[in-house]
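Colleague: Right, I'll just put the structure down here and ask away after.
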Amino acid sequence: MSDAQIVVSGLTKVYRTVRAVDDLSFAIEPGRVTGFLGPNGAGKTTTLRMLLNLVTPTAGEATIGGRRYADLEQPLRHVGAVLEASSAHRGRTGRNHLRVICAAAGLPPQRVDEVLSLVGLTPAGKRKFKGYSMGMKQRLGIAAAMLGDPDVLILDEPANGLDPEGIRWMRDLLKKLASEGRTVLVSSHLLSEMQLLADDVVIIAAGKLVTQGTMGAVVDGLADAARIRVKTPNPEQLTSALADATVATADGDELILTGVTAPEVGAAALRAGVELHELVTDKPDLERVFLELTAGKAGIR
Ligand SMILES: Nc1ncnc2c1ncn2[C@@H]1O[C@H](COP(=O)(O)OP(=O)(O)OP(=O)(O)O)[C@@H](O)[C@H]1O
């Protein structure tokens with residue numbers, strides 16, 4: 001096993017009456033950005049906190065390179081985490097904030113300027129934290145996480161509060177860090193945001209795994225919810241020629257079908273000798289499909 005592989009196995013957290021995380025298992029590979037997706041309350045933060053030994057699991061285990069976070073000898077050299085926008089002493093400069101963390105963790109002091117440069121805060125590092133914008137706080141949080149030059153980076157909703165330019169910057173940085181061979185795990189509740197960033201995706205709802213795989217395969221799966229609109233003077237004949245299709249609506253000569261592709265409809269029509277007047281694939285709104293997939297499972301629990 002790679003030192004940078006994350007493995008979650010049967011992970012469960014029960015708070016009084018709430019099963020925040022429910023028998024969750026997945027693996028996250030190095031050299032890739034993995035999106036950890038789910039609606040609000042799905043259990044993403046609780047999972048990440050268990051991974052970082054900030055919450056004790058009720059059952060199951062989460063390991064990084066085969067070891068629990070608590071058993072890592074020098075955790076900051078191995079794992080960097082940004083769980084919320086950084087907070088620091090208001091009157092302290094960003095640079096001094098990082099120097100304190102660096103010294104406390106016994107990391108080389110030159111890392112401070114290296115990470116400030118990495119996140120584009122070299123001049124701003126000399127300014128006091130109280131004047132930092134949300135975007136600057138996020139950058140400082142990533143700088144702190146990178147002090148130990150970790151091979152695993154874990155971020156909880158890092159795009160929150162960022163403007164589009166900040167989001168693009170974050171995306172480019174995380175992709176670069178993954179391309180260097182690091183494991184990058186990023187949580188989000190927006191599929192659209194993750195589509196531009198993640199190579200792999202793990203989707204959870206109500207604490208349970210919904211699906212996981214490469215972003216391409218998962219999106220293709222969601223896109224199977226595409227609807228085919230077809231016009232034919234013989235709708236009944238066409239329907240009986242399409243055993244696998246589900247008829248969503250039938251209105252005169254127009255049928256809306258799911259569970260089939262346009263080429264399958266065209267081929268079936270040809271075989272059955274049914275005339276087609278129109279054959280259109282309505283591209284699904286992936287965000288809507290994602291919400292439908294996870295809706296009802298999450299929410300208030
Ligand atoms: N300390 C706690 N005590 C009780 N319930 C909790 C606690 N922490 C989380 N929960 C509950 O566990 C469930 C999962 O919460 P969690 O914050 O992990 O979800 P999330 O996917 O990160 O959502 P969000 O995007 O809203 O942060 C929610 O129902 C939440 O109310």
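Order determines the names: the first chain of the structure tokens is A, the second B, and so forth; residues in each chain are numbered 1 upward, and ligands are numbered 1 upward as they are shown.
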Kindly work out which residues sit at most 6 Å from ligand 1, using only C-alpha atoms and all ligand atoms, and give the list as a PyMOL selection string.
Modeller: chain A and resi 15+20+38+40-46+300-301
Colleague: Output C-alpha atoms for every residue in that selection, as a short mmCIF file (atom, residue, chain, number, x, y, z; two decimals), in the first residue's frame.
Modeller:
```cif
data_model
loop_
_atom_site.label_atom_id
_atom_site.label_comp_id
_atom_site.auth_asym_id
_atom_site.auth_seq_id
_atom_site.Cartn_x
_atom_site.Cartn_y
_atom_site.Cartn_z
CA TYR A 15 -24.44 10.94 17.80
CA ALA A 20 -23.94 10.86 10.94
CA GLY A 38 -22.83 14.96 -0.68
CA ASN A 40 -25.53 19.34 3.49
CA GLY A 41 -25.67 17.03 6.47
CA ALA A 42 -24.53 13.98 4.47
CA GLY A 43 -21.67 13.30 6.88
CA LYS A 44 -18.69 14.67 4.95
CA THR A 45 -17.22 16.80 7.74
CA THR A 46 -17.72 14.04 10.31
CA ILE A 300 -32.43 16.69 8.84
CA ARG A 301 -31.60 13.46 10.62
#
```
Colleague: Can you list every residue in range 1-85 of chain A that DSSP puts in strand (DSSP E), as a VMD selection string?
Modeller: chain A and resid 6 to 15 18 to 28 33 to 37 59 to 64 79 to 82
Colleague: Could you save the residues just selected, with C-alpha atoms, as a PDB file, in the first residue's frame?
Modeller:
```pdb
ATOM      1  CA  ILE A   6      -6.543   6.758   2.349  1.00  0.00           C
ATOM      2  CA  VAL A   7      -8.730   3.801   3.289  1.00  0.00           C
ATOM      3  CA  VAL A   8     -12.056   4.139   5.068  1.00  0.00           C
ATOM      4  CA  SER A   9     -13.558   0.867   6.181  1.00  0.00           C
ATOM      5  CA  GLY A  10     -16.912   0.304   7.861  1.00  0.00           C
ATOM      6  CA  LEU A  11     -16.613   3.801   9.332  1.00  0.00           C
ATOM      7  CA  THR A  12     -19.576   4.740  11.515  1.00  0.00           C
ATOM      8  CA  LYS A  13     -20.366   7.647  13.827  1.00  0.00           C
ATOM      9  CA  VAL A  14     -23.516   7.761  15.881  1.00  0.00           C
ATOM     10  CA  TYR A  15     -24.443  10.935  17.801  1.00  0.00           C
ATOM     11  CA  VAL A  18     -28.179  10.553  14.477  1.00  0.00           C
ATOM     12  CA  ARG A  19     -26.146   8.096  12.373  1.00  0.00           C
ATOM     13  CA  ALA A  20     -23.938  10.863  10.944  1.00  0.00           C
ATOM     14  CA  VAL A  21     -21.740   8.299   9.150  1.00  0.00           C
ATOM     15  CA  ASP A  22     -23.114   4.840   8.531  1.00  0.00           C
ATOM     16  CA  ASP A  23     -20.842   1.898   7.628  1.00  0.00           C
ATOM     17  CA  LEU A  24     -18.885   3.874   5.050  1.00  0.00           C
ATOM     18  CA  SER A  25     -16.077   2.222   3.032  1.00  0.00           C
ATOM     19  CA  PHE A  26     -13.945   3.628   0.201  1.00  0.00           C
ATOM     20  CA  ALA A  27     -10.318   4.097  -0.870  1.00  0.00           C
ATOM     21  CA  ILE A  28      -8.656   7.290  -2.125  1.00  0.00           C
ATOM     22  CA  VAL A  33      -7.882  14.809  -6.823  1.00  0.00           C
ATOM     23  CA  THR A  34     -10.857  13.047  -5.273  1.00  0.00           C
ATOM     24  CA  GLY A  35     -14.109  14.917  -4.742  1.00  0.00           C
ATOM     25  CA  PHE A  36     -16.018  13.908  -1.611  1.00  0.00           C
ATOM     26  CA  LEU A  37     -19.553  14.901  -2.508  1.00  0.00           C
ATOM     27  CA  ALA A  59     -17.178   1.635  14.611  1.00  0.00           C
ATOM     28  CA  GLY A  60     -14.837   1.020  11.714  1.00  0.00           C
ATOM     29  CA  GLU A  61     -11.535   2.598  10.854  1.00  0.00           C
ATOM     30  CA  ALA A  62      -9.931   5.282   8.700  1.00  0.00           C
ATOM     31  CA  THR A  63      -6.259   4.967   7.786  1.00  0.00           C
ATOM     32  CA  ILE A  64      -3.667   6.942   5.857  1.00  0.00           C
ATOM     33  CA  VAL A  79      -1.068  14.983   6.202  1.00  0.00           C
ATOM     34  CA  GLY A  80      -2.150  18.610   5.661  1.00  0.00           C
ATOM     35  CA  ALA A  81      -5.730  19.561   6.450  1.00  0.00           C
ATOM     36  CA  VAL A  82      -7.921  22.623   5.946  1.00  0.00           C
TER      37      VAL A  82
END
```
Colleague: Would you kindly return, as a VMD selection string, each protein, DNA or RNA residue with an atom no farther than 12 Å from any atom of Ala295 in chain A, considering only C-alpha atoms and excluding same-chain residues fewer than 3 positions away?
Modeller: chain A and resid 38 to 42 204 to 206 210 287 to 292 298 to 300
Colleague: Give me the residues near range 110-113 of chain A as a PDB file with C-alpha atoms, in the first residue's frame, where near means some atom within 10 Å (using only C-alpha atoms) and where sequence neighbours in that chain fewer than 3 positions away do not count.
Modeller:
```
ATOM      1  CA  GLY A  94       0.010  35.831   8.306  1.00  0.00           C
ATOM      2  CA  ARG A  95       3.743  35.157   8.131  1.00  0.00           C
ATOM      3  CA  ASN A  96       4.146  35.203  11.905  1.00  0.00           C
ATOM      4  CA  HIS A  97       1.124  32.945  12.274  1.00  0.00           C
ATOM      5  CA  LEU A  98       2.871  30.386  10.050  1.00  0.00           C
ATOM      6  CA  ARG A  99       6.178  30.820  11.896  1.00  0.00           C
ATOM      7  CA  VAL A 100       4.477  29.900  15.181  1.00  0.00           C
ATOM      8  CA  ILE A 101       2.976  26.713  13.686  1.00  0.00           C
ATOM      9  CA  CYS A 102       6.292  25.869  12.034  1.00  0.00           C
ATOM     10  CA  LEU A 107       9.474  22.115  10.810  1.00  0.00           C
ATOM     11  CA  LEU A 116       3.528  31.862   1.337  1.00  0.00           C
ATOM     12  CA  SER A 117       4.871  31.919  -2.204  1.00  0.00           C
ATOM     13  CA  LEU A 118       2.991  28.692  -3.079  1.00  0.00           C
ATOM     14  CA  LEU A 121       0.587  35.507  -0.193  1.00  0.00           C
ATOM     15  CA  THR A 122       4.199  36.686  -0.269  1.00  0.00           C
ATOM     16  CA  GLY A 125       2.020  37.712   4.554  1.00  0.00           C
ATOM     17  CA  ALA A 143      -0.252  27.516   3.414  1.00  0.00           C
ATOM     18  CA  ALA A 144      -0.415  26.192   6.984  1.00  0.00           C
ATOM     19  CA  MET A 146       1.466  22.661   3.321  1.00  0.00           C
ATOM     20  CA  LEU A 147       4.109  23.624   5.913  1.00  0.00           C
ATOM     21  CA  GLY A 148       5.139  20.002   6.453  1.00  0.00           C
ATOM     22  CA  ASP A 149       5.206  19.317   2.682  1.00  0.00           C
TER      23      ASP A 149
END
```
Colleague: For CA of Asp220 in chain A and CA of Met170 in chain A, determine how far apart the two atoms are, in Å to one decimal place.
Modeller: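 Taking CA of Asp220 in chain A as the start and CA of Met170 in chain A as the end point, the length is 25.6 Å.
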Colleague: Which is closest to Ser133 in chain A among A:Glu114, A:His78, A:Gly161, A:Asp282, if we use only C-alpha atoms?
Modeller: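 When distances to Ser133 in chain A are compared using only C-alpha atoms, the smallest one comes from A:Gly161.
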Colleague: Please list as a list of chain:residue names every residue within 6 Å of Gln5 in chain A, counting only C-alpha atoms and excluding residues in the same chain fewer than 2 positions away.
Modeller: A:Ser2, A:Asp3, A:Ile28, A:Glu29, A:Pro30, A:Ile64, A:Gly65
Colleague: What's the 12 Å shell around Arg271 in chain A, counting only C-alpha atoms, without same-chain residues fewer than 2 positions away, as an mmCIF file with C-alpha atoms, in the first residue's frame?
Modeller:
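Output (out-v6.cif):
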```
data_model
loop_
_atom_site.group_PDB
_atom_site.id
_atom_site.type_symbol
_atom_site.label_atom_id
_atom_site.label_comp_id
_atom_site.auth_asym_id
_atom_site.auth_seq_id
_atom_site.Cartn_x
_atom_site.Cartn_y
_atom_site.Cartn_z
ATOM 1 C CA GLN A 237 -45.508 0.042 -32.014
ATOM 2 C CA LEU A 238 -42.292 1.835 -31.091
ATOM 3 C CA SER A 240 -43.340 -2.390 -27.784
ATOM 4 C CA ALA A 241 -40.137 -2.537 -29.850
ATOM 5 C CA LEU A 242 -38.223 -0.939 -26.956
ATOM 6 C CA GLU A 264 -30.951 2.343 -29.519
ATOM 7 C CA VAL A 265 -34.286 4.023 -30.281
ATOM 8 C CA GLY A 266 -33.243 4.623 -33.898
ATOM 9 C CA ALA A 267 -32.113 1.004 -34.358
ATOM 10 C CA ALA A 268 -35.271 -0.404 -32.748
ATOM 11 C CA ALA A 269 -37.433 1.802 -34.961
ATOM 12 C CA GLY A 273 -40.264 -0.548 -39.511
ATOM 13 C CA VAL A 274 -41.538 2.407 -37.457
ATOM 14 C CA GLU A 275 -41.310 5.847 -39.003
#
```
Colleague: For a test of reading the model, state the distance in Å between CA of Arg16 in chain A and CA of Thr56 in chain A, rounded to one decimal.
Modeller: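 If I compute the distance from CA of Arg16 in chain A to CA of Thr56 in chain A, I get 13.9 Å.
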Colleague: From the set A:Met134, A:Val152, A:Ala124, A:Leu54, which residue has the shortest atom-to-atom contact distance to Gly166 in chain A, counting only C-alpha atoms?
Modeller: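 Going through A:Met134, A:Val152, A:Ala124, A:Leu54 one by one, the smallest distance to Gly166 in chain A is for A:Met134.
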